[in-house]
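Peer 1: Okay, so here is protein24.cif, and as you'll see once you scroll down, it has mmCIF, C-alpha atoms.
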data_query
loop_
_atom_site.label_atom_id
_atom_site.label_comp_id
_atom_site.auth_asym_id
_atom_site.auth_seq_id
_atom_site.Cartn_x
_atom_site.Cartn_y
_atom_site.Cartn_z
CA MET S 13 -11.41 -7.83 -1.33
CA HIS S 14 -9.61 -4.61 -2.33
CA GLU S 15 -10.99 -5.05 -5.84
CA LEU S 16 -14.15 -3.34 -4.57
CA PRO S 17 -12.62 0.10 -3.82
CA VAL S 18 -10.32 -0.31 -6.82
CA THR S 19 -13.31 -0.92 -9.08
CA GLN S 20 -15.10 2.07 -7.59
CA GLY S 21 -12.03 4.10 -8.59
CA ILE S 22 -12.23 2.76 -12.13
CA LEU S 23 -15.95 3.51 -12.39
CA ASP S 24 -15.52 7.08 -11.06
CA LEU S 25 -12.76 7.77 -13.59
CA VAL S 26 -14.72 6.26 -16.45
CA LEU S 27 -17.95 8.13 -15.64
CA GLU S 28 -16.12 11.43 -15.26
CA THR S 29 -14.33 10.96 -18.60
CA ALA S 30 -17.62 10.09 -20.33
CA ARG S 31 -19.41 13.03 -18.73
CA GLN S 32 -16.75 15.46 -19.93
CA ALA S 33 -17.02 14.01 -23.44
CA GLY S 34 -20.80 14.22 -23.33
CA ALA S 35 -21.08 10.49 -23.96
CA GLN S 36 -24.38 8.68 -23.41
CA ARG S 37 -23.06 5.17 -22.96
CA ILE S 38 -19.74 3.50 -22.24
CA VAL S 39 -19.33 0.19 -24.02
CA ARG S 40 -15.74 -0.74 -23.28
CA VAL S 41 -13.06 0.04 -20.71
CA ASP S 42 -9.39 -0.70 -21.38
CA LEU S 43 -7.21 -1.18 -18.33
CA VAL S 44 -3.48 -1.70 -17.98
CA ILE S 45 -2.57 -3.69 -14.88
CA GLY S 46 0.94 -4.76 -13.88
CA ASP S 47 1.42 -8.31 -12.69
CA MET S 48 2.79 -7.03 -9.37
CA SER S 49 -0.46 -5.19 -8.65
CA SER S 50 -2.36 -8.10 -7.00
CA ILE S 51 -5.57 -7.48 -8.92
CA VAL S 52 -7.85 -10.30 -10.03
CA ASP S 53 -9.46 -9.49 -13.41
CA ASP S 54 -12.64 -11.52 -12.83
CA SER S 55 -13.26 -9.80 -9.50
CA VAL S 56 -12.96 -6.37 -11.09
CA GLN S 57 -15.48 -7.27 -13.79
CA PHE S 58 -17.79 -8.77 -11.11
CA TYR S 59 -17.76 -5.62 -8.98
CA PHE S 60 -17.95 -3.37 -12.03
CA ASP S 61 -21.15 -5.08 -13.17
CA ILE S 62 -22.72 -4.41 -9.77
CA LEU S 63 -21.41 -0.88 -9.19
CA SER S 64 -22.20 0.37 -12.69
CA ARG S 65 -25.90 -0.56 -12.60
CA GLY S 66 -28.03 2.45 -13.47
CA THR S 67 -25.03 4.44 -14.76
CA PRO S 68 -23.93 5.09 -18.37
CA ALA S 69 -21.27 2.42 -17.82
CA GLU S 70 -23.75 -0.38 -17.19
CA GLY S 71 -22.95 -3.38 -19.37
CA ALA S 72 -19.51 -2.08 -20.38
CA GLU S 73 -16.95 -4.75 -21.13
CA MET S 74 -13.65 -4.61 -19.27
CA HIS S 75 -10.48 -5.45 -21.14
CA PHE S 76 -7.28 -6.05 -19.21
CA ARG S 77 -3.85 -5.62 -20.71
CA ARG S 78 -1.41 -7.30 -18.37
CA GLU S 79 2.11 -5.90 -18.07
CA SER S 80 4.54 -8.40 -16.65
CA ALA S 81 7.35 -7.64 -14.26
CA VAL S 82 10.84 -8.40 -15.53
CA ALA S 83 13.68 -10.06 -13.66
CA THR S 84 17.29 -9.48 -14.67
CA CYS S 85 20.24 -11.53 -13.49
CA PRO S 86 23.28 -9.30 -12.87
CA ASP S 87 25.56 -12.37 -13.05
CA CYS S 88 24.72 -13.60 -16.58
CA GLY S 89 22.48 -10.86 -18.00
CA HIS S 90 19.51 -13.19 -18.53
CA THR S 91 16.07 -11.50 -18.37
CA TRP S 92 12.69 -13.15 -17.92
CA SER S 93 9.06 -12.32 -17.05
CA VAL S 94 7.99 -12.93 -13.48
CA SER S 95 4.89 -12.76 -11.33
CA PRO S 96 4.46 -13.65 -7.64
CA PRO S 97 5.59 -15.90 -6.09
CA LEU S 98 9.07 -14.92 -7.28
CA LEU S 99 11.77 -17.53 -7.65
CA PRO S 100 14.95 -16.81 -5.71
CA CYS S 101 17.43 -17.83 -8.43
CA CYS S 102 18.17 -17.13 -12.09
CA PRO S 103 16.81 -20.05 -14.20
CA ALA S 104 19.77 -19.71 -16.60
CA CYS S 105 22.81 -19.63 -14.32
CA GLY S 106 21.45 -20.13 -10.80
CA GLY S 107 22.61 -16.64 -9.80
CA GLU S 108 21.14 -15.55 -6.48
CA ARG S 109 20.79 -11.81 -7.03
CA PRO S 110 18.05 -11.32 -9.65
CA GLN S 111 16.52 -7.83 -9.74
CA VAL S 112 12.82 -7.37 -10.42
CA THR S 113 11.45 -4.21 -12.00
CA GLY S 114 8.19 -3.10 -13.63
CA GLY S 115 4.77 -4.72 -13.39
CA LYS S 116 3.40 -1.81 -11.34
CA GLU S 117 1.12 -0.33 -14.02
CA PHE S 118 -2.35 0.47 -12.75
CA TYR S 119 -4.34 2.78 -14.97
CA VAL S 120 -7.33 3.24 -17.25
CA GLU S 121 -5.92 3.50 -20.76
CA SER S 122 -9.07 4.42 -22.68
CA ILE S 123 -12.81 4.03 -22.84
CA GLU S 124 -15.06 3.43 -25.80
CA VAL S 125 -18.38 5.27 -25.99
CA ASP S 126 -21.14 4.84 -28.53
CA ASP S 127 -22.25 8.43 -29.10
CA GLU S 128 -21.76 12.01 -28.05
CA ASP S 129 -23.95 14.68 -26.56
CA PRO S 130 -22.52 18.15 -27.14
CA GLY S 131 -24.36 19.39 -24.02
CA GLY S 132 -22.01 17.29 -21.98
CA GLU S 133 -23.93 17.33 -18.70
CA ARG S 134 -26.78 14.94 -19.48
CA TYR S 135 -25.85 12.37 -16.85
CA SER S 136 -24.62 14.71 -14.19
CA GLU S 137 -27.81 14.45 -12.12
CA ARG S 138 -27.53 10.68 -12.03
CA GLU S 139 -24.07 10.50 -10.45
CA MET X 4 -15.59 6.44 -30.31
CA LYS X 5 -12.48 5.77 -28.29
CA ILE X 6 -11.45 8.29 -25.64
CA PRO X 7 -7.93 8.10 -24.20
CA VAL X 8 -7.80 8.37 -20.40
CA VAL X 9 -4.36 7.19 -19.18
CA LYS X 10 -5.08 8.04 -15.59
CA ASP X 11 -4.09 6.08 -12.50
CA ILE X 12 -7.00 4.11 -11.07
CA LEU X 13 -6.29 5.33 -7.55
CA SER X 14 -5.69 8.95 -8.55
CA ALA X 15 -8.61 10.15 -6.39
CA ASN X 16 -7.00 8.51 -3.34
CA ASP X 17 -3.58 9.82 -4.28
CA GLN X 18 -4.93 13.36 -4.52
CA VAL X 19 -6.21 13.17 -0.93
CA ALA X 20 -2.86 11.66 0.11
CA VAL X 21 -1.11 14.74 -1.28
CA GLU X 22 -3.48 16.95 0.73
CA ASN X 23 -2.75 14.90 3.87
CA ARG X 24 0.95 15.40 3.28
CA VAL X 25 0.46 19.17 3.15
CA VAL X 26 -1.35 19.04 6.51
CA PHE X 27 1.45 16.92 8.04
CA ASP X 28 4.19 19.15 6.69
CA SER X 29 2.58 22.37 7.86
CA ALA X 30 2.09 20.89 11.36
CA GLY X 31 5.71 19.68 11.36
CA VAL X 32 4.68 16.04 11.78
CA PHE X 33 6.79 13.20 10.37
CA VAL X 34 4.58 10.29 9.37
CA ALA X 35 5.29 6.56 9.14
CA ASN X 36 2.82 4.23 7.44
CA VAL X 37 3.28 0.93 9.30
CA MET X 38 2.28 -2.14 7.30
CA ALA X 39 2.49 -5.85 8.15
CA SER X 40 0.56 -9.10 8.40
CA PRO X 41 -1.82 -9.52 11.34
CA GLY X 42 0.25 -10.46 14.39
CA ALA X 43 3.65 -9.40 13.03
CA GLY X 44 3.98 -6.91 15.87
CA LYS X 45 2.96 -3.51 14.53
CA THR X 46 1.49 -2.31 17.82
CA SER X 47 4.38 -3.81 19.82
CA MET X 48 6.82 -2.06 17.49
CA ILE X 49 5.06 1.29 17.93
CA LEU X 50 5.09 0.92 21.72
CA ALA X 51 8.73 -0.23 21.86
CA THR X 52 9.78 2.60 19.54
CA SER X 53 7.82 5.24 21.45
CA ALA X 54 9.53 4.17 24.69
CA HIS X 55 12.96 4.78 23.13
CA LEU X 56 12.29 8.12 21.44
CA PRO X 57 14.20 11.23 22.54
CA ALA X 58 12.08 13.54 24.73
CA ASP X 59 11.63 16.11 21.96
CA VAL X 60 10.09 13.57 19.57
CA ARG X 61 6.51 13.16 20.74
CA PRO X 62 4.64 10.20 19.21
CA GLY X 63 1.04 9.88 18.11
CA VAL X 64 -0.84 7.04 16.49
CA ILE X 65 -3.64 6.49 14.00
CA GLU X 66 -4.82 2.96 14.56
CA GLY X 67 -6.43 1.16 11.63
CA ASP X 68 -8.36 -2.02 12.29
CA VAL X 69 -11.19 -3.88 10.66
CA ALA X 70 -12.99 -3.76 14.01
CA SER X 71 -12.35 -3.23 17.76
CA SER X 72 -10.27 -0.71 19.67
CA ILE X 73 -8.00 -3.24 21.42
CA ASP X 74 -4.79 -1.76 19.98
CA ALA X 75 -5.89 1.84 20.44
CA ASP X 76 -6.73 1.16 24.11
CA THR X 77 -3.27 -0.36 24.62
CA ILE X 78 -1.62 2.71 23.12
CA ALA X 79 -3.84 5.20 25.00
CA ALA X 80 -2.92 3.42 28.26
CA ARG X 81 0.69 4.56 27.64
CA GLY X 82 -0.44 8.17 27.41
CA ILE X 83 0.14 8.41 23.66
CA PRO X 84 -2.44 10.39 21.63
CA VAL X 85 -4.32 7.89 19.47
CA VAL X 86 -7.34 7.81 17.21
CA GLN X 87 -9.01 4.62 16.05
CA ILE X 88 -10.24 4.05 12.51
CA ASN X 89 -12.48 1.02 12.12
CA THR X 90 -12.58 0.18 8.42
CA GLY X 91 -15.69 -1.97 8.82
CA GLY X 92 -14.34 -4.86 6.77
CA ASN X 93 -12.08 -2.98 4.38
CA CYS X 94 -8.66 -4.57 4.24
CA HIS X 95 -6.58 -1.38 4.14
CA LEU X 96 -6.60 2.29 5.13
CA ASP X 97 -7.12 4.87 2.43
CA ALA X 98 -6.20 8.54 2.31
CA PRO X 99 -9.74 9.89 2.96
CA GLN X 100 -10.03 7.81 6.16
CA VAL X 101 -6.74 9.22 7.39
CA SER X 102 -7.85 12.73 6.45
CA LYS X 103 -10.95 12.38 8.65
CA ALA X 104 -8.95 10.93 11.54
CA LEU X 105 -6.62 13.95 11.55
CA ASN X 106 -9.42 16.11 12.93
CA HIS X 107 -9.32 14.05 16.11
CA LEU X 108 -5.58 14.29 16.76
CA PRO X 109 -3.64 17.11 18.48
CA LEU X 110 -1.19 17.45 15.60
CA ASN X 111 0.63 20.36 17.25
CA ASP X 112 1.58 18.05 20.13
CA ILE X 113 2.88 15.32 17.84
CA ASP X 114 6.26 15.12 16.08
CA LEU X 115 6.10 11.54 14.87
CA LEU X 116 2.82 10.02 13.75
CA PHE X 117 2.55 6.27 13.24
CA ILE X 118 -0.30 5.18 11.02
CA GLU X 119 -0.86 1.54 11.89
CA ASN X 120 -2.43 0.07 8.79
CA VAL X 121 -4.79 -2.92 8.70
CA GLY X 122 -2.89 -6.20 9.06
CA ASN X 123 -2.48 -7.33 5.46
CA LEU X 124 0.50 -7.79 3.12
CA ILE X 125 -1.41 -7.06 -0.09
CA CYS X 126 -3.83 -4.13 -0.24
CA PRO X 127 -2.23 -1.45 1.99
CA ALA X 128 0.74 -1.24 -0.39
CA GLY X 129 -1.46 0.21 -3.13
CA PHE X 130 -3.06 3.05 -1.20
CA SER X 131 -0.94 6.14 -0.49
CA LEU X 132 -1.83 7.90 2.74
CA GLY X 133 0.54 10.88 2.52
CA ALA X 134 3.16 9.43 4.86
CA ASP X 135 6.88 10.30 4.73
CA ILE X 136 8.03 6.69 4.99
CA ALA X 137 6.61 3.19 4.63
CA VAL X 138 7.69 0.84 7.43
CA VAL X 139 7.10 -2.85 6.73
CA VAL X 140 7.20 -5.10 9.79
CA ALA X 141 7.86 -8.75 8.96
CA SER X 142 8.16 -11.31 11.71
CA VAL X 143 10.21 -14.47 11.99
CA SER X 144 7.17 -16.63 12.78
CA GLU X 145 5.65 -15.84 9.36
CA GLY X 146 8.51 -17.58 7.58
CA HIS X 147 11.34 -16.34 5.39
CA ASP X 148 9.44 -16.65 2.11
CA LYS X 149 7.17 -13.60 2.52
CA PRO X 150 9.12 -11.21 0.24
CA TYR X 151 8.84 -13.74 -2.59
CA LYS X 152 5.09 -14.18 -2.12
CA TYR X 153 4.18 -10.53 -1.47
CA PRO X 154 6.82 -8.62 -3.44
CA SER X 155 4.71 -5.45 -3.88
CA MET X 156 4.61 -4.78 -0.16
CA PHE X 157 8.39 -5.11 0.16
CA ALA X 158 8.96 -3.06 -3.00
CA HIS X 159 7.12 -0.16 -1.31
CA ALA X 160 9.14 -0.24 1.93
CA ASP X 161 11.56 2.46 3.03
CA ILE X 162 12.66 0.16 5.83
CA VAL X 163 11.93 -3.46 6.72
CA LEU X 164 11.88 -4.44 10.38
CA LEU X 165 12.27 -8.16 11.03
CA ASN X 166 10.51 -8.60 14.37
CA LYS X 167 10.67 -11.57 16.77
CA ALA X 168 14.35 -11.99 15.94
CA ASP X 169 14.75 -13.98 19.18
CA LEU X 170 12.91 -16.83 17.38
CA ILE X 171 15.27 -17.09 14.39
CA ASP X 172 16.73 -20.43 15.54
CA VAL X 173 13.39 -21.83 16.71
CA PHE X 174 11.83 -21.34 13.28
CA ASP X 175 14.93 -22.22 11.22
CA PHE X 176 14.47 -18.77 9.72
CA ASP X 177 16.96 -18.11 6.92
CA VAL X 178 17.79 -14.41 7.31
CA LEU X 179 19.96 -14.34 4.19
CA TYR X 180 17.20 -15.87 2.05
CA PHE X 181 14.70 -13.36 3.46
CA LYS X 182 17.02 -10.43 2.75
CA ARG X 183 17.70 -11.64 -0.78
CA GLY X 184 13.95 -11.70 -1.41
CA VAL X 185 13.64 -8.11 -0.21
CA GLU X 186 16.65 -6.98 -2.26
CA MET X 187 15.17 -8.56 -5.38
CA VAL X 188 12.46 -5.92 -5.53
CA ASN X 189 14.04 -3.19 -3.38
CA PRO X 190 17.84 -3.36 -3.53
CA GLU X 191 18.66 -0.35 -1.32
CA VAL X 192 16.19 -0.82 1.54
CA PRO X 193 17.66 -1.45 5.01
CA VAL X 194 16.52 -4.60 6.84
CA PHE X 195 16.75 -4.35 10.66
CA PRO X 196 16.25 -7.50 12.75
CA LEU X 197 14.81 -6.60 16.13
CA CYS X 198 12.77 -8.00 18.99
CA CYS X 199 10.09 -5.81 20.48
CA ARG X 200 9.69 -8.21 23.42
CA THR X 201 13.32 -8.00 24.59
CA GLY X 202 14.13 -4.61 23.08
CA GLU X 203 17.05 -6.07 21.10
CA GLY X 204 17.70 -4.02 17.96
CA VAL X 205 15.18 -1.34 18.90
CA PRO X 206 17.76 1.43 19.62
CA GLU X 207 19.37 0.94 16.18
CA TRP X 208 16.01 1.26 14.44
CA VAL X 209 15.08 4.32 16.53
CA ASP X 210 18.41 5.95 15.59
CA TRP X 211 17.60 5.39 11.92
CA LEU X 212 14.08 6.74 12.36
CA VAL X 213 15.10 9.88 14.27
CA GLU X 214 17.82 10.54 11.71
CA ARG X 215 15.19 10.44 8.93
CA LEU X 216 12.83 12.60 10.97
CA ARG X 217 15.45 15.32 11.57
CA HIS X 218 16.74 15.14 8.00
#
So, in terms of structure tokens, how does the structure I just supplied come out?
Peer 2:
Amino acid sequence: MHELPVTQGILDLVLETARQAGAQRIVRVDLVIGDMSSIVDDSVQFYFDILSRGTPAEGAEMHFRRESAVATCPDCGHTWSVSPPLLPCCPACGGERPQVTGGKEFYVESIEVDDEDPGGERYSERE
Amino acid sequence: MKIPVVKDILSANDQVAVENRVVFDSAGVFVANVMASPGAGKTSMILATSAHLPADVRPGVIEGDVASSIDADTIAARGIPVVQINTGGNCHLDAPQVSKALNHLPLNDIDLLFIENVGNLICPAGFSLGADIAVVVASVSEGHDKPYKYPSMFAHADIVLLNKADLIDVFDFDVLYFKRGVEMVNPEVPVFPLCCRTGEGVPEWVDWLVERLRH
């Protein structure tokens, strides 16, 4: 459900970036999402397709780079990738104090546009 | 042509959260963002806490709910300033909603503002509101596995309150297992068992809270 406001945030960022660059059309959006961020890729694309209708981002393809969270066992030093639900013990030694870090990334890395308009404000009246 | 962006998806929300924080700080209001599942006891915790506060710490509440003013009515009946936000289906509060609600609160008469978020262990964790601390209320009846299933929420907490502690034996609730799950993602966070119904553990939590507020 929260993918809707999240996707609106993505679209706003993308449109603003394109507007500043004077781009006519956005063809691709690259996102970096940590595995701890509880975001479903398909839902984001679904909402993006609806929200972007009639904007320069209509039809843009979303690409998701997933960053995993990492667990470290302080008892044996073993590290491994994790995503929820977390397991309570180290798979190597059974240690009960693994520490989980990372996986919180949540940003637009880049967009790809197919041309430029030096005027830069062409789409401003449509937003 | 590729254009680098590298900007947080919720940066627009976070910007408003920063503005909220400025308003809170200039009014001298300490703010707690209270997050939990539906039914964990957020409203009960706010009421039990308010009843134990020192006289010079005056509470206020922003009540977030998908619909209804049941909780806000309960709080207003105790004479506590409260404003209701109905999110109309949204599963969390965001910073702009809180910003609007502030216009309806007597901030100069409030020292401690609870923002009771929508009951949900997923979405509220992602949306900053401008609060000083994040209070996560877990309850024994939800089971001891919640930190493992919803690690983000517990990773965001400044304190975890384990409510309905009087039911620990009834539910075979493994407190150690629960705490280990919290420590996995948030090693330093304090976990306070308490019971809002009996008042057990409430004074200890209030001491912690007032200490943070006066800090």
Peer 1: Between chain X and chain S, at 6 Å or less, what are the per-residue closest atom pairs and their distances in Å? Count all atoms listed in the file, order by chain and rising residue number, and return it as a Markdown table.
Peer 2:
| residue | atom | partner | partner_atom | distance |
| --- | --- | --- | --- | --- |
| X:Met4 | CA | S:Val125 | CA | 5.3 |
| X:Lys5 | CA | S:Glu124 | CA | 4.3 |
| X:Ile6 | CA | S:Ile123 | CA | 5.3 |
| X:Pro7 | CA | S:Ser122 | CA | 4.1 |
| X:Val8 | CA | S:Ser122 | CA | 4.7 |
| X:Val9 | CA | S:Glu121 | CA | 4.3 |
| X:Lys10 | CA | S:Tyr119 | CA | 5.3 |
| X:Asp11 | CA | S:Tyr119 | CA | 4.1 |
| X:Ile12 | CA | S:Tyr119 | CA | 4.9 |
| X:Leu13 | CA | S:Gly21 | CA | 6.0 |
| X:Tyr151 | CA | S:Leu98 | CA | 4.8 |
| X:Lys152 | CA | S:Pro97 | CA | 4.4 |
| X:Met187 | CA | S:Gln111 | CA | 4.6 |
| X:Val188 | CA | S:Val112 | CA | 5.1 |
Peer 1: Work out how far apart CA of Cys94 (chain X) and CA of Pro150 (chain X) are and give it in Å to one decimal.
Peer 2: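 Computing the Euclidean distance for CA of Cys94 (chain X) and CA of Pro150 (chain X) yields 19.4 Å.
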Peer 1: Quick one: contact table of region 26-86 of chain X to region 114-125 of chain X, 7 Å max, nearest atom pair and distance in Å to one decimal per residue, counting all atoms listed in the file, chain and number order, as a Markdown table?
Peer 2:
| residue | atom | partner | partner_atom | distance |
| --- | --- | --- | --- | --- |
| X:Gly31 | CA | X:Asp114 | CA | 6.6 |
| X:Val32 | CA | X:Asp114 | CA | 4.7 |
| X:Phe33 | CA | X:Leu115 | CA | 4.8 |
| X:Val34 | CA | X:Leu116 | CA | 4.7 |
| X:Ala35 | CA | X:Phe117 | CA | 4.9 |
| X:Asn36 | CA | X:Ile118 | CA | 4.8 |
| X:Val37 | CA | X:Glu119 | CA | 4.9 |
| X:Met38 | CA | X:Asn120 | CA | 5.4 |
| X:Ala39 | CA | X:Gly122 | CA | 5.5 |
| X:Ser40 | CA | X:Gly122 | CA | 4.6 |
| X:Pro41 | CA | X:Gly122 | CA | 4.2 |
| X:Lys45 | CA | X:Glu119 | CA | 6.9 |
| X:Val60 | CA | X:Asp114 | CA | 5.4 |
| X:Arg61 | CA | X:Asp114 | CA | 5.1 |
| X:Pro62 | CA | X:Leu115 | CA | 4.8 |
| X:Gly63 | CA | X:Leu116 | CA | 4.7 |
| X:Val64 | CA | X:Phe117 | CA | 4.8 |
| X:Ile65 | CA | X:Ile118 | CA | 4.7 |
| X:Glu66 | CA | X:Glu119 | CA | 5.0 |
| X:Gly67 | CA | X:Asn120 | CA | 5.0 |
| X:Asp68 | CA | X:Val121 | CA | 5.1 |
| X:Val69 | CA | X:Val121 | CA | 6.8 |
Peer 1: For CA of Phe130 (chain X) and CA of Val85 (chain X), determine how far apart the two atoms are, in Å to one decimal place.
Peer 2: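 So the answer is 21.3 Å.
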Peer 1: In Å, how far is it from CA of Ala137 (chain X) to CA of Ala160 (chain X)?
Peer 2: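 Between CA of Ala137 (chain X) and CA of Ala160 (chain X) the gap is 5.0 Å.
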Peer 1: What residues come out when you apply the PyMOL selection byres ((chain S and resi 60) around 10) to this file, written as a list of chain:residue names?
Peer 2: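 When the PyMOL selection byres ((chain S and resi 60) around 10) is applied to the shown file, the picked residues are S:Glu15, S:Leu16, S:Val18, S:Thr19, S:Gln20, S:Ile22, S:Leu23, S:Asp54, S:Ser55, S:Val56, S:Gln57, S:Phe58, S:Tyr59, S:Asp61, S:Ile62, S:Leu63, S:Ser64, S:Arg65, S:Ala69, S:Glu70, S:Gly71, S:Ala72, S:Glu73, S:Met74.
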Peer 1: I'd like the residues picked by the PyMOL selection byres ((chain X and resi 195) around 9) written out as a compact mmCIF listing (two decimals) with C-alpha atoms, keeping the file's coordinate frame, using the chain letters and numbers from the file.
Peer 2:
# COMPACT_ATOMS: atom_id res chain seq x y z
CA ILE X 162 12.66 0.16 5.83
CA VAL X 163 11.93 -3.46 6.72
CA LEU X 164 11.88 -4.44 10.38
CA LEU X 165 12.27 -8.16 11.03
CA ASN X 166 10.51 -8.60 14.37
CA PRO X 193 17.66 -1.45 5.01
CA VAL X 194 16.52 -4.60 6.84
CA PRO X 196 16.25 -7.50 12.75
CA LEU X 197 14.81 -6.60 16.13
CA GLY X 204 17.70 -4.02 17.96
CA VAL X 205 15.18 -1.34 18.90
CA GLU X 207 19.37 0.94 16.18
CA TRP X 208 16.01 1.26 14.44
Peer 1: Give me the residues within 12 Å of Asn106 (chain X) as JSON, numbers by chain, counting only C-alpha atoms and dropping any in the same chain fewer than 2 places off.
Peer 2: {"X": [23, 26, 27, 65, 85, 86, 87, 99, 100, 101, 102, 103, 104, 108, 109, 110, 111]}
Peer 1: When you count only C-alpha atoms, which of these residues is closest to Ile73 (chain X): X:Ile49, X:Asn89, X:Asp59, X:Glu145?
Peer 2: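 Closest candidate: X:Asn89.
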Peer 1: My list of candidates is S:Phe76, S:Val52, S:Pro68, S:Gly106. Which is closest to Glu28 (chain S) when distances are computed with only C-alpha atoms?
Peer 2: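 Among the listed residues, the smallest separation from Glu28 (chain S) belongs to S:Pro68.
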